[in-house]
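This is upload.txt (compact mmCIF, C-alpha atoms and all ligand atoms).
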# COMPACT_ATOMS: atom_id res chain seq x y z
CA MET A 1 16.06 125.07 66.59
CA ASN A 2 19.59 124.28 65.46
CA THR A 3 20.79 123.81 69.01
CA GLN A 4 17.88 121.47 69.76
CA MET A 5 18.67 119.41 66.67
CA LYS A 6 22.26 119.17 67.80
CA ILE A 7 21.29 117.85 71.22
CA ILE A 8 18.99 115.23 69.72
CA ASP A 9 21.67 114.24 67.20
CA SER A 10 24.34 113.87 69.80
CA ASP A 11 21.99 111.89 72.04
CA LEU A 12 21.20 109.53 69.21
CA SER A 13 24.79 109.12 68.17
CA PHE A 14 25.80 108.54 71.77
CA CYS A 15 28.90 110.70 71.37
CA CYS A 16 32.16 110.14 73.21
CA SER A 17 31.54 112.46 76.16
CA LYS A 18 28.01 111.07 76.61
CA ARG A 19 29.40 107.56 76.62
CA ALA A 20 31.92 108.49 79.33
CA GLU A 21 29.19 110.14 81.41
CA PHE A 22 26.93 107.11 80.90
CA ALA A 23 29.71 104.72 81.98
CA SER A 24 30.46 106.74 85.13
CA THR A 25 26.80 106.73 86.09
CA ILE A 26 26.45 102.97 85.58
CA PHE A 27 29.60 102.25 87.63
CA GLU A 28 28.36 104.48 90.45
CA LYS A 29 24.88 102.94 90.50
CA LEU A 30 26.39 99.47 90.44
CA ARG A 31 28.64 100.36 93.38
CA PHE A 32 25.67 101.70 95.30
CA LEU A 33 23.64 98.52 94.61
CA SER A 34 26.35 96.25 96.00
CA LEU A 35 27.97 98.34 98.74
CA ASP A 36 29.39 96.27 101.59
CA GLY A 37 31.55 98.02 104.15
CA PRO A 38 34.42 99.73 102.35
CA GLY A 39 33.97 97.71 99.13
CA VAL A 40 31.35 95.90 97.10
CA SER A 41 30.11 92.33 97.46
CA ARG A 42 28.44 90.64 94.51
CA GLU A 43 28.30 87.03 95.53
CA SER A 44 28.47 84.39 92.80
CA TYR A 45 24.99 83.08 91.89
CA GLY A 46 23.73 85.11 94.85
CA VAL A 47 22.02 88.35 95.81
CA GLY A 48 24.71 90.90 94.88
CA GLU A 49 25.36 89.38 91.48
CA GLN A 50 21.63 89.15 90.78
CA LYS A 51 21.11 92.83 91.65
CA ALA A 52 23.82 93.75 89.14
CA ILE A 53 22.17 91.54 86.50
CA ASP A 54 18.73 93.06 87.11
CA PHE A 55 20.18 96.55 86.85
CA LEU A 56 21.84 95.82 83.50
CA ILE A 57 18.68 94.17 82.17
CA GLN A 58 16.77 97.35 82.92
CA ILE A 59 19.29 99.48 80.98
CA ALA A 60 19.40 97.02 78.07
CA LYS A 61 15.61 96.88 77.77
CA ASN A 62 15.35 100.67 77.89
CA GLU A 63 17.68 100.75 74.90
CA GLY A 64 15.65 98.19 72.96
CA LEU A 65 18.24 95.44 73.30
CA ILE A 66 17.23 91.80 73.63
CA VAL A 67 17.86 90.05 76.93
CA SER A 68 17.99 86.31 77.65
CA PHE A 69 19.76 83.73 79.84
CA ASP A 70 21.75 80.73 78.77
CA GLN A 71 21.43 77.38 80.55
CA ALA A 72 24.10 78.29 83.09
CA ALA A 73 22.02 81.39 83.97
CA ASN A 74 24.59 83.73 82.42
CA LEU A 75 22.98 86.91 81.09
CA ILE A 76 23.03 87.44 77.31
CA ILE A 77 22.33 90.83 75.72
CA GLU A 78 22.18 91.35 71.96
CA LEU A 79 20.82 93.56 69.20
CA PRO A 80 17.24 92.79 68.13
CA GLU A 81 18.08 91.95 64.53
CA CYS A 82 20.66 89.28 65.43
CA GLY A 83 18.07 86.57 65.97
CA GLU A 84 19.42 83.12 65.33
CA GLN A 85 22.36 84.15 63.13
CA ILE A 86 25.46 82.09 63.76
CA PRO A 87 28.32 82.12 64.36
CA SER A 88 28.57 85.16 66.60
CA ILE A 89 31.24 86.98 68.53
CA PHE A 90 30.91 86.76 72.30
CA CYS A 91 32.13 89.70 74.29
CA GLY A 92 31.85 90.01 78.05
CA SER A 93 33.26 89.38 81.48
CA HIS A 94 31.88 88.54 84.91
CA LEU A 95 29.56 90.41 87.25
CA ASP A 96 30.44 88.81 90.59
CA SER A 97 33.11 90.19 92.93
CA VAL A 98 35.11 88.91 95.87
CA PRO A 99 33.68 89.85 99.31
CA GLN A 100 34.30 93.56 99.90
CA GLY A 101 36.11 93.77 96.60
CA GLY A 102 36.48 96.53 94.05
CA ASN A 103 33.79 97.86 91.75
CA PHE A 104 35.62 97.42 88.43
CA ASP A 105 36.88 93.81 88.47
CA GLY A 106 34.63 92.06 85.95
CA ALA A 107 31.98 94.77 85.73
CA ALA A 108 34.25 96.91 83.52
CA GLY A 109 34.12 94.31 80.74
CA VAL A 110 30.36 93.89 80.89
CA ILE A 111 29.73 97.64 80.90
CA ALA A 112 32.17 98.20 78.01
CA GLY A 113 30.25 95.56 76.03
CA LEU A 114 26.90 97.13 76.92
CA ILE A 115 28.08 100.57 75.81
CA SER A 116 29.26 99.05 72.51
CA LEU A 117 25.86 97.45 71.89
CA ILE A 118 24.01 100.66 72.74
CA ARG A 119 26.25 102.57 70.36
CA LEU A 120 25.59 100.06 67.56
CA LYS A 121 21.85 100.15 68.24
CA ARG A 122 21.50 103.94 68.41
CA ASN A 123 23.58 104.43 65.28
CA GLY A 124 21.99 101.56 63.36
CA ILE A 125 25.41 100.06 62.62
CA LYS A 126 25.73 96.45 61.50
CA THR A 127 28.79 94.47 62.50
CA LYS A 128 30.35 91.78 60.31
CA LEU A 129 29.20 89.10 62.77
CA PRO A 130 26.41 89.32 65.36
CA ILE A 131 27.62 90.31 68.84
CA LYS A 132 26.45 88.61 72.01
CA LEU A 133 27.32 90.30 75.27
CA ILE A 134 27.68 87.68 77.97
CA ALA A 135 27.69 88.62 81.66
CA LEU A 136 29.24 85.52 83.17
CA ARG A 137 28.36 84.34 86.64
CA GLY A 138 30.55 82.90 89.35
CA GLU A 139 34.02 83.80 88.07
CA GLU A 140 35.43 84.34 91.56
CA SER A 141 36.49 81.38 93.69
CA ALA A 142 35.95 83.34 96.90
CA TRP A 143 32.35 82.24 97.50
CA PHE A 144 32.30 78.49 96.82
CA GLY A 145 35.89 77.49 96.01
CA PRO A 146 35.62 76.70 92.28
CA CYS A 147 36.16 79.57 89.86
CA TYR A 148 34.86 80.24 86.30
CA ILE A 149 31.58 78.54 87.26
CA GLY A 150 29.44 80.19 84.57
CA SER A 151 31.95 79.63 81.76
CA ASN A 152 33.00 76.12 82.78
CA SER A 153 29.32 75.11 82.88
CA LEU A 154 28.93 76.17 79.25
CA PHE A 155 31.61 73.69 78.18
CA GLY A 156 30.42 70.82 80.38
CA HIS A 157 33.36 71.15 82.74
CA LEU A 158 31.70 71.80 86.08
CA THR A 159 32.26 68.69 88.22
CA GLU A 160 30.00 67.08 90.82
CA ASP A 161 32.55 68.19 93.44
CA ASP A 162 32.18 71.76 92.18
CA LEU A 163 28.39 71.52 92.37
CA ASN A 164 28.57 70.11 95.90
CA SER A 165 30.98 72.80 97.14
CA LYS A 166 29.60 74.86 99.99
CA HIS A 167 29.02 78.59 100.22
CA ARG A 168 31.57 80.26 102.49
CA THR A 169 29.02 81.53 105.01
CA THR A 170 25.64 79.85 104.49
CA GLY A 171 27.03 76.33 103.94
CA LYS A 172 24.44 75.73 101.18
CA SER A 173 25.68 74.01 98.03
CA LEU A 174 26.57 75.70 94.75
CA ARG A 175 24.04 73.35 93.14
CA ASN A 176 21.36 74.91 95.31
CA TYR A 177 22.37 78.48 94.38
CA MET A 178 22.65 77.70 90.66
CA ALA A 179 19.26 75.99 90.58
CA LYS A 180 17.71 79.03 92.27
CA ALA A 181 19.27 81.31 89.65
CA GLY A 182 17.66 79.22 86.90
CA ALA A 183 20.60 77.11 85.69
CA ASN A 184 19.90 73.73 84.09
CA ILE A 185 21.45 71.59 86.83
CA GLU A 186 20.50 68.31 85.20
CA LYS A 187 22.53 69.03 82.07
CA ILE A 188 25.37 70.69 83.99
CA SER A 189 25.80 67.77 86.35
CA LYS A 190 25.86 65.36 83.39
CA GLY A 191 28.68 67.46 81.89
CA GLU A 192 26.61 68.28 78.80
CA LYS A 193 27.92 71.11 76.64
CA LEU A 194 25.51 74.05 76.82
CA LEU A 195 27.19 75.97 74.02
CA LYS A 196 27.97 74.76 70.53
CA ILE A 197 31.58 75.71 69.95
CA SER A 198 31.00 76.19 66.22
CA ASP A 199 28.38 78.84 67.08
CA VAL A 200 31.07 81.08 68.61
CA ALA A 201 33.52 82.65 66.17
CA GLY A 202 35.50 84.38 68.91
CA TYR A 203 35.46 85.68 72.47
CA ILE A 204 36.78 89.03 73.68
CA GLU A 205 36.96 90.30 77.26
CA LEU A 206 37.89 93.72 78.55
CA HIS A 207 39.17 93.66 82.13
CA ILE A 208 41.10 95.89 84.49
CA GLU A 209 44.73 94.94 84.94
CA GLN A 210 45.02 93.49 88.43
CA GLY A 211 48.76 93.90 88.78
CA PRO A 212 50.96 97.01 88.87
CA VAL A 213 52.61 96.77 85.42
CA MET A 214 50.53 99.23 83.39
CA VAL A 215 50.64 101.90 86.08
CA ALA A 216 54.41 101.47 86.35
CA ARG A 217 54.82 101.62 82.58
CA ASN A 218 52.31 104.42 82.19
CA VAL A 219 50.10 102.86 79.50
CA PRO A 220 46.31 103.10 79.61
CA VAL A 221 45.50 100.04 77.49
CA GLY A 222 47.02 96.57 77.24
CA ILE A 223 46.58 93.78 74.72
CA VAL A 224 46.91 90.47 76.52
CA THR A 225 49.18 87.89 74.88
CA GLY A 226 48.29 85.00 77.14
CA LEU A 227 47.06 84.05 80.58
CA ARG A 228 49.55 82.36 82.78
CA GLY A 229 48.82 78.84 83.89
CA ASN A 230 50.37 77.43 87.02
CA ILE A 231 51.92 74.46 88.75
CA ARG A 232 51.20 74.51 92.45
CA TYR A 233 52.27 72.56 95.48
CA LYS A 234 50.01 73.60 98.33
CA LYS A 235 52.26 72.03 100.92
CA ILE A 236 55.89 70.94 100.73
CA ARG A 237 57.32 69.54 103.97
CA CYS A 238 61.02 69.57 104.58
CA LEU A 239 61.95 67.04 107.27
CA GLY A 240 65.23 67.46 109.14
CA GLU A 241 66.30 66.78 112.70
CA ALA A 242 65.29 68.84 115.74
CA GLY A 243 68.02 69.76 118.18
CA HIS A 244 69.44 72.19 120.72
CA SER A 245 70.47 75.40 119.00
CA GLY A 246 73.63 75.74 121.06
CA ALA A 247 74.69 72.11 121.30
CA VAL A 248 74.57 70.84 117.72
CA PRO A 249 77.50 72.02 115.57
CA ARG A 250 76.95 73.06 111.97
CA TRP A 251 78.42 69.87 110.49
CA LEU A 252 76.00 67.67 112.41
CA ARG A 253 72.87 69.69 111.68
CA HIS A 254 69.97 68.72 109.41
CA ASP A 255 68.21 72.06 109.48
CA PRO A 256 65.07 72.08 107.27
CA VAL A 257 64.77 75.90 107.29
CA LEU A 258 68.28 76.39 105.95
CA ALA A 259 67.73 73.56 103.46
CA THR A 260 64.53 75.18 102.21
CA SER A 261 66.20 78.60 102.07
CA GLU A 262 68.95 77.06 99.95
CA LEU A 263 66.33 75.51 97.66
CA LEU A 264 64.47 78.81 97.26
CA HIS A 265 67.74 80.62 96.61
CA ARG A 266 68.58 78.16 93.80
CA VAL A 267 65.14 78.37 92.16
CA ASP A 268 65.24 82.17 92.41
CA GLU A 269 68.61 82.21 90.62
CA HIS A 270 67.28 79.85 87.94
CA TRP A 271 64.22 82.08 87.55
CA ARG A 272 66.49 85.09 86.98
CA VAL A 273 68.39 83.20 84.26
CA LEU A 274 65.16 82.14 82.51
CA LEU A 275 63.93 85.76 82.47
CA GLU A 276 67.22 86.82 80.90
CA ARG A 277 66.54 84.26 78.19
CA GLY A 278 63.19 85.97 77.56
CA LEU A 279 60.99 83.26 79.09
CA ASP A 280 57.84 84.08 81.04
CA LEU A 281 57.75 82.95 84.68
CA VAL A 282 56.71 84.13 88.13
CA LEU A 283 57.37 82.21 91.31
CA THR A 284 55.95 82.55 94.82
CA ALA A 285 56.39 80.74 98.13
CA GLY A 286 53.37 82.34 99.78
CA ILE A 287 53.47 80.17 102.91
CA PHE A 288 56.68 79.36 104.80
CA THR A 289 56.41 78.23 108.40
CA THR A 290 57.85 76.11 111.18
CA ASN A 291 55.38 74.33 113.45
CA PRO A 292 54.15 77.01 115.92
CA VAL A 293 53.40 74.37 118.56
CA LYS A 294 57.01 73.24 118.63
CA HIS A 295 59.10 76.11 117.31
CA ALA A 296 61.31 78.13 119.64
CA MET A 297 64.21 80.53 119.43
CA SER A 298 66.61 77.95 120.86
CA ARG A 299 65.43 74.91 118.90
CA ILE A 300 66.72 73.75 115.53
CA PRO A 301 63.37 72.96 113.89
CA GLY A 302 62.66 69.35 113.01
CA GLU A 303 60.57 70.31 110.01
CA CYS A 304 59.16 73.22 108.08
CA GLU A 305 56.39 73.66 105.53
CA PHE A 306 56.04 75.91 102.53
CA SER A 307 53.92 76.35 99.41
CA LEU A 308 55.27 76.87 95.94
CA GLU A 309 53.48 78.29 92.94
CA MET A 310 54.99 78.75 89.47
CA ARG A 311 53.08 80.64 86.79
CA SER A 312 53.92 80.99 83.11
CA GLN A 313 52.29 81.46 79.72
CA SER A 314 54.23 78.41 78.55
CA ILE A 315 53.44 74.88 79.69
CA GLU A 316 56.95 73.83 78.58
CA THR A 317 58.52 76.45 80.86
CA LEU A 318 56.35 75.28 83.76
CA GLU A 319 57.17 71.60 83.29
CA ALA A 320 60.89 72.29 82.84
CA PHE A 321 60.97 74.45 85.96
CA ASP A 322 59.17 71.72 87.89
CA GLU A 323 61.86 69.23 86.81
CA PHE A 324 64.58 71.66 87.89
CA LEU A 325 62.87 72.10 91.28
CA LYS A 326 62.79 68.36 91.89
CA ALA A 327 66.41 67.84 90.81
CA GLU A 328 67.52 70.59 93.22
CA MET A 329 65.47 69.00 96.01
CA ARG A 330 67.27 65.70 95.49
CA SER A 331 70.63 67.44 95.50
CA ILE A 332 69.87 69.36 98.72
CA GLU A 333 68.51 66.21 100.37
CA ARG A 334 71.88 64.55 99.78
CA GLU A 335 73.92 67.56 100.90
CA LYS A 336 71.96 68.44 104.02
CA GLY A 337 70.48 65.16 105.14
CA VAL A 338 66.88 66.37 104.89
CA CYS A 339 63.86 65.07 103.00
CA PHE A 340 61.28 67.00 100.93
CA ASN A 341 57.71 65.61 100.76
CA LEU A 342 55.41 67.22 98.19
CA SER A 343 51.62 67.40 98.25
CA PRO A 344 49.94 66.42 94.93
CA LYS A 345 50.89 68.67 92.03
CA GLY A 346 48.16 71.05 90.87
CA LEU A 347 48.22 72.08 87.21
CA ILE A 348 46.25 74.75 85.41
CA LYS A 349 47.21 75.05 81.76
CA PRO A 350 48.16 78.45 80.37
CA ALA A 351 45.84 80.00 77.77
CA ILE A 352 47.28 81.64 74.69
CA MET A 353 45.32 84.50 73.18
CA ASN A 354 44.55 84.28 69.46
CA GLN A 355 47.18 85.92 67.25
CA ASN A 356 44.63 87.23 64.71
CA TRP A 357 42.75 88.94 67.52
CA ILE A 358 46.02 90.40 68.89
CA GLU A 359 47.04 91.83 65.50
CA HIS A 360 43.51 93.12 64.92
CA LEU A 361 43.48 94.87 68.30
CA SER A 362 46.90 96.41 67.57
CA SER A 363 45.72 97.83 64.27
CA CYS A 364 42.50 99.14 65.91
CA CYS A 365 44.72 100.89 68.49
CA ASP A 366 46.66 102.49 65.64
CA THR A 367 43.43 103.62 63.97
CA LEU A 368 42.17 105.15 67.21
CA ASP A 369 45.60 106.46 68.23
CA ILE A 370 45.51 104.58 71.53
CA GLU A 371 48.77 104.13 73.35
CA HIS A 372 49.11 100.46 74.25
CA GLU A 373 51.43 97.60 75.09
CA ARG A 374 51.23 93.83 74.85
CA LEU A 375 51.49 92.02 78.16
CA PRO A 376 50.65 88.69 79.78
CA SER A 377 47.92 88.30 82.37
CA GLY A 378 49.15 86.96 85.68
CA ALA A 379 45.62 86.47 86.97
CA GLY A 380 43.12 83.98 85.56
CA HIS A 381 40.02 85.06 83.62
CA ASP A 382 37.03 83.50 81.85
CA ALA A 383 38.90 84.16 78.57
CA ALA A 384 41.20 81.25 79.51
CA VAL A 385 38.20 78.90 79.62
CA PHE A 386 37.02 79.99 76.17
CA ALA A 387 40.56 79.81 74.72
CA ASN A 388 41.24 76.35 76.15
CA ASN A 389 37.98 75.11 74.67
CA GLY A 390 39.11 76.03 71.18
CA ILE A 391 37.47 79.46 70.82
CA PRO A 392 39.77 82.20 69.44
CA SER A 393 39.98 84.55 72.42
CA ALA A 394 41.37 87.96 73.27
CA MET A 395 41.62 90.32 76.22
CA ILE A 396 41.94 94.07 76.52
CA PHE A 397 43.42 95.33 79.79
CA VAL A 398 42.65 98.75 81.24
CA ARG A 399 45.07 100.44 83.63
CA ASN A 400 43.92 100.29 87.24
CA GLN A 401 45.51 101.71 90.39
CA ASN A 402 45.89 99.99 93.78
CA GLY A 403 45.65 96.39 92.59
CA SER A 404 42.44 94.39 92.62
CA HIS A 405 40.30 92.17 94.85
CA ASN A 406 40.28 95.05 97.31
CA PRO A 407 38.00 98.07 97.81
CA ASN A 408 40.65 100.51 96.56
CA GLU A 409 40.64 99.54 92.87
CA ALA A 410 40.81 102.85 91.03
CA MET A 411 40.33 102.90 87.29
CA GLU A 412 40.25 106.31 85.60
CA ILE A 413 37.13 106.64 83.48
CA SER A 414 39.27 108.14 80.69
CA ASP A 415 41.39 104.96 80.63
CA PHE A 416 38.23 102.84 80.66
CA MET A 417 36.86 104.79 77.72
CA GLN A 418 39.99 104.13 75.67
CA GLY A 419 39.61 100.42 76.36
CA ALA A 420 35.88 100.56 75.58
CA GLU A 421 36.50 102.44 72.30
CA LEU A 422 39.02 99.77 71.34
CA LEU A 423 36.52 97.04 72.17
CA TYR A 424 33.85 98.72 70.02
CA GLU A 425 36.23 99.24 67.09
CA SER A 426 37.42 95.62 67.28
CA LEU A 427 33.83 94.32 67.20
CA LEU A 428 32.95 96.05 63.93
CA GLU A 429 35.02 93.78 61.74
CA PRO A 430 36.51 91.00 63.82
CA PRO A 431 39.21 88.95 62.06
CA PHE A 432 37.12 85.80 61.52
ZN ZN A 501 37.87 89.52 87.23
Give the structure from the file, written as structure tokens.
Amino acid sequence: MNTQMKIIDSDLSFCCSKRAEFASTIFEKLRFLSLDGPGVSRESYGVGEQKAIDFLIQIAKNEGLIVSFDQAANLIIELPECGEQIPSIFCGSHLDSVPQGGNFDGAAGVIAGLISLIRLKRNGIKTKLPIKLIALRGEESAWFGPCYIGSNSLFGHLTEDDLNSKHRTTGKSLRNYMAKAGANIEKISKGEKLLKISDVAGYIELHIEQGPVMVARNVPVGIVTGLRGNIRYKKIRCLGEAGHSGAVPRWLRHDPVLATSELLHRVDEHWRVLLERGLDLVLTAGIFTTNPVKHAMSRIPGECEFSLEMRSQSIETLEAFDEFLKAEMRSIEREKGVCFNLSPKGLIKPAIMNQNWIEHLSSCCDTLDIEHERLPSGAGHDAAVFANNGIPSAMIFVRNQNGSHNPNEAMEISDFMQGAELLYESLLEPPF
């Protein structure tokens, strides 16, 4: 009799080991639902994403949670007694994946939120503010080009160009896919806000870390300080003068490859100095090529092309680095007799996470005895959209092996549970 009571009790209270078991089962079922070659494919506003949504709806309904969709067709799950109470805390992440991606990118945050709601429901616990779990759609740019489709729609920021963008394989428009999923295309294309900002007291997103920092530093949980924005030049051409590699002496050369190498060397050195001063910056020239039609071992190239991307949590750092880059270009142009032509500058603003959230998460970690560190996010997330629209936002990172956007993502369930426990704890009495 006693033993039976114990089992029922622990089932109702949804104890820690049960929660871990539950999470593992959900992740495995989700993987199975969206298997594609070695990874998973949950296409934005498409079949894979919809299967994941349907699966979560089934679990939520079984638990007596209330399920609905907002006007961008994002899934909302909440406790029955929340009704129309405002403002509420939004917690969530996205359910889509890149083609043949990993199972945890995005899904981890939605499942952590679902487990928190189930725990509140089974234990009859009331939070200070109502919690809405939002499973955002279309976070990944891999399917149509634009990213953060579900969250940008909520704030009236999805453009006509975005809506007209074409699916990578079917060629059908995003508009078409969103309409099929039930989104209110009329309002979205007019740029109407679908969410009243004053109705949302805060947003919190748990996500796997997609870089190698937490594994290298051996911490299971991270509190994100900010999401790096970027300045990007997709194509920078350096024009010099083509010539015979044996016949043109050094002093008469206008070699664009050496000029670009010199430029990259100078910006790398400046980057090192900024890091020493404690500033946040990462820099990548992901493309660097001479023209394959013309290039040859024995030819001084006439031109070369490269891309340049700078990312930082600080817009000031980005703008200052951009100025430095252009000053160095002018100096190298004079010294080497070359010319740099830049494609239009792309700018995505950084997003700073809310300090009250950060302190609150730190103290929750202390309460739960969770080892953690504060770190920036190099990758973009929906949290940036919420933060840049004036909603106090936060992110919890969970350690993840083998990077992300690939089938080999490997998050330990014990690490996930520490992140999920932190999420739950932080939702009880959010700092607003
Ligand atoms: Zn993600």
(request) List all protein, DNA and RNA residues that have any atom at most 9 Å from ligand ZN 501 (chain A), counting only C-alpha atoms and all ligand atoms, and write the list as a ChimeraX atom specification. (result) /A:93-97,104-107,109,139-140,207-208,210,379-382,404-405
(request) One decimal, Å: what's the distance from CA of Asn62 in chain A over to CA of Glu49 in chain A, could you say? (result) 20.3 Å
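The smallest atom-to-atom distance between Asn164 in chain A and any of A:Tyr177, A:Phe22, A:Phe14, A:Tyr424, using all atoms listed in the file, is found for A:Tyr177.
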(request) Have a look at A:Met310, A:Ala72, A:Ile315, A:Ala216 and name the one nearest to Asn184 in chain A; count all atoms listed in the file. (result)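 The shortest atom-to-atom distance to Asn184 in chain A comes from A:Ala72.
Counting all atoms listed in the file, the residue from A:Thr284, A:Asn74, A:Gln418, A:Thr127 that sits nearest to Tyr233 in chain A is A:Thr284.
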(request) Check the smallest atom-to-atom distance from each of A:Ala242, A:Leu227, A:Ile332, A:Leu263 to Leu375 in chain A using all atoms listed in the file, then report the winner. (result)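 Of A:Ala242, A:Leu227, A:Ile332, A:Leu263, the one nearest Leu375 in chain A is A:Leu227, counting all atoms listed in the file.
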(request) Choose the residue, out of A:Ser165, A:Asn291, A:Ser307, A:Ser153, that has the smallest atom-to-atom separation from Phe340 in chain A; count all atoms listed in the file. (result)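 Nearest to Phe340 in chain A: A:Ser307.
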(message) For a test of reading the model, state the distance in Å between CA of Leu281 in chain A and CA of Ile358 in chain A, rounded to one decimal.
(response) 21.0 Å
(message) Which residues are near Thr290 in chain A? Cut-off 10 Å, all atoms listed in the file, ignore same chain within fewer than 6 positions. Put them as JSON, numbers by chain.
(response) {"A": [237, 238, 256, 257, 296, 301, 302, 303, 304, 305, 306]}
(request) Return the single residue from A:Leu120, A:Ile287, A:Leu174, A:Leu206 that is closest to Trp143 in chain A, with distances computed using all atoms listed in the file. (result) A:Leu174
Can you pull range 224-237 of chain A out of that block with N, CA and C atoms and hand it back as an mmCIF file, in the first residue's frame?
data_model
loop_
_atom_site.group_PDB
_atom_site.id
_atom_site.type_symbol
_atom_site.label_atom_id
_atom_site.label_comp_id
_atom_site.auth_asym_id
_atom_site.auth_seq_id
_atom_site.Cartn_x
_atom_site.Cartn_y
_atom_site.Cartn_z
ATOM 1 N N VAL A 224 23.427 33.876 -20.662
ATOM 2 C CA VAL A 224 23.866 34.675 -21.808
ATOM 3 C C VAL A 224 23.792 36.169 -21.465
ATOM 4 N N THR A 225 24.882 36.871 -21.731
ATOM 5 C CA THR A 225 24.921 38.310 -21.433
ATOM 6 C C THR A 225 24.355 39.124 -22.595
ATOM 7 N N GLY A 226 24.610 38.662 -23.799
ATOM 8 C CA GLY A 226 24.108 39.387 -24.967
ATOM 9 C C GLY A 226 24.321 38.552 -26.212
ATOM 10 N N LEU A 227 23.607 38.915 -27.261
ATOM 11 C CA LEU A 227 23.775 38.207 -28.532
ATOM 12 C C LEU A 227 24.504 39.143 -29.483
ATOM 13 N N ARG A 228 25.563 38.618 -30.039
ATOM 14 C CA ARG A 228 26.363 39.469 -30.908
ATOM 15 C C ARG A 228 25.595 39.885 -32.157
ATOM 16 N N GLY A 229 25.703 41.155 -32.479
ATOM 17 C CA GLY A 229 25.231 41.629 -33.772
ATOM 18 C C GLY A 229 26.388 41.552 -34.745
ATOM 19 N N ASN A 230 26.165 41.986 -35.981
ATOM 20 C CA ASN A 230 27.282 41.918 -36.915
ATOM 21 C C ASN A 230 27.250 43.035 -37.946
ATOM 22 N N ILE A 231 28.437 43.333 -38.458
ATOM 23 C CA ILE A 231 28.573 44.130 -39.679
ATOM 24 C C ILE A 231 29.169 43.177 -40.696
ATOM 25 N N ARG A 232 28.556 43.136 -41.862
ATOM 26 C CA ARG A 232 29.008 42.183 -42.881
ATOM 27 C C ARG A 232 29.213 42.851 -44.226
ATOM 28 N N TYR A 233 30.293 42.475 -44.875
ATOM 29 C CA TYR A 233 30.472 42.805 -46.289
ATOM 30 C C TYR A 233 30.537 41.468 -47.023
ATOM 31 N N LYS A 234 29.505 41.198 -47.808
ATOM 32 C CA LYS A 234 29.451 39.894 -48.487
ATOM 33 C C LYS A 234 30.583 39.760 -49.486
ATOM 34 N N LYS A 235 30.912 40.873 -50.130
ATOM 35 C CA LYS A 235 31.953 40.798 -51.154
ATOM 36 C C LYS A 235 32.792 42.068 -51.138
ATOM 37 N N ILE A 236 34.097 41.906 -50.905
ATOM 38 C CA ILE A 236 35.027 43.026 -51.038
ATOM 39 C C ILE A 236 35.982 42.643 -52.162
ATOM 40 N N ARG A 237 36.071 43.511 -53.174
ATOM 41 C CA ARG A 237 36.995 43.220 -54.282
ATOM 42 C C ARG A 237 38.241 44.057 -54.104
#
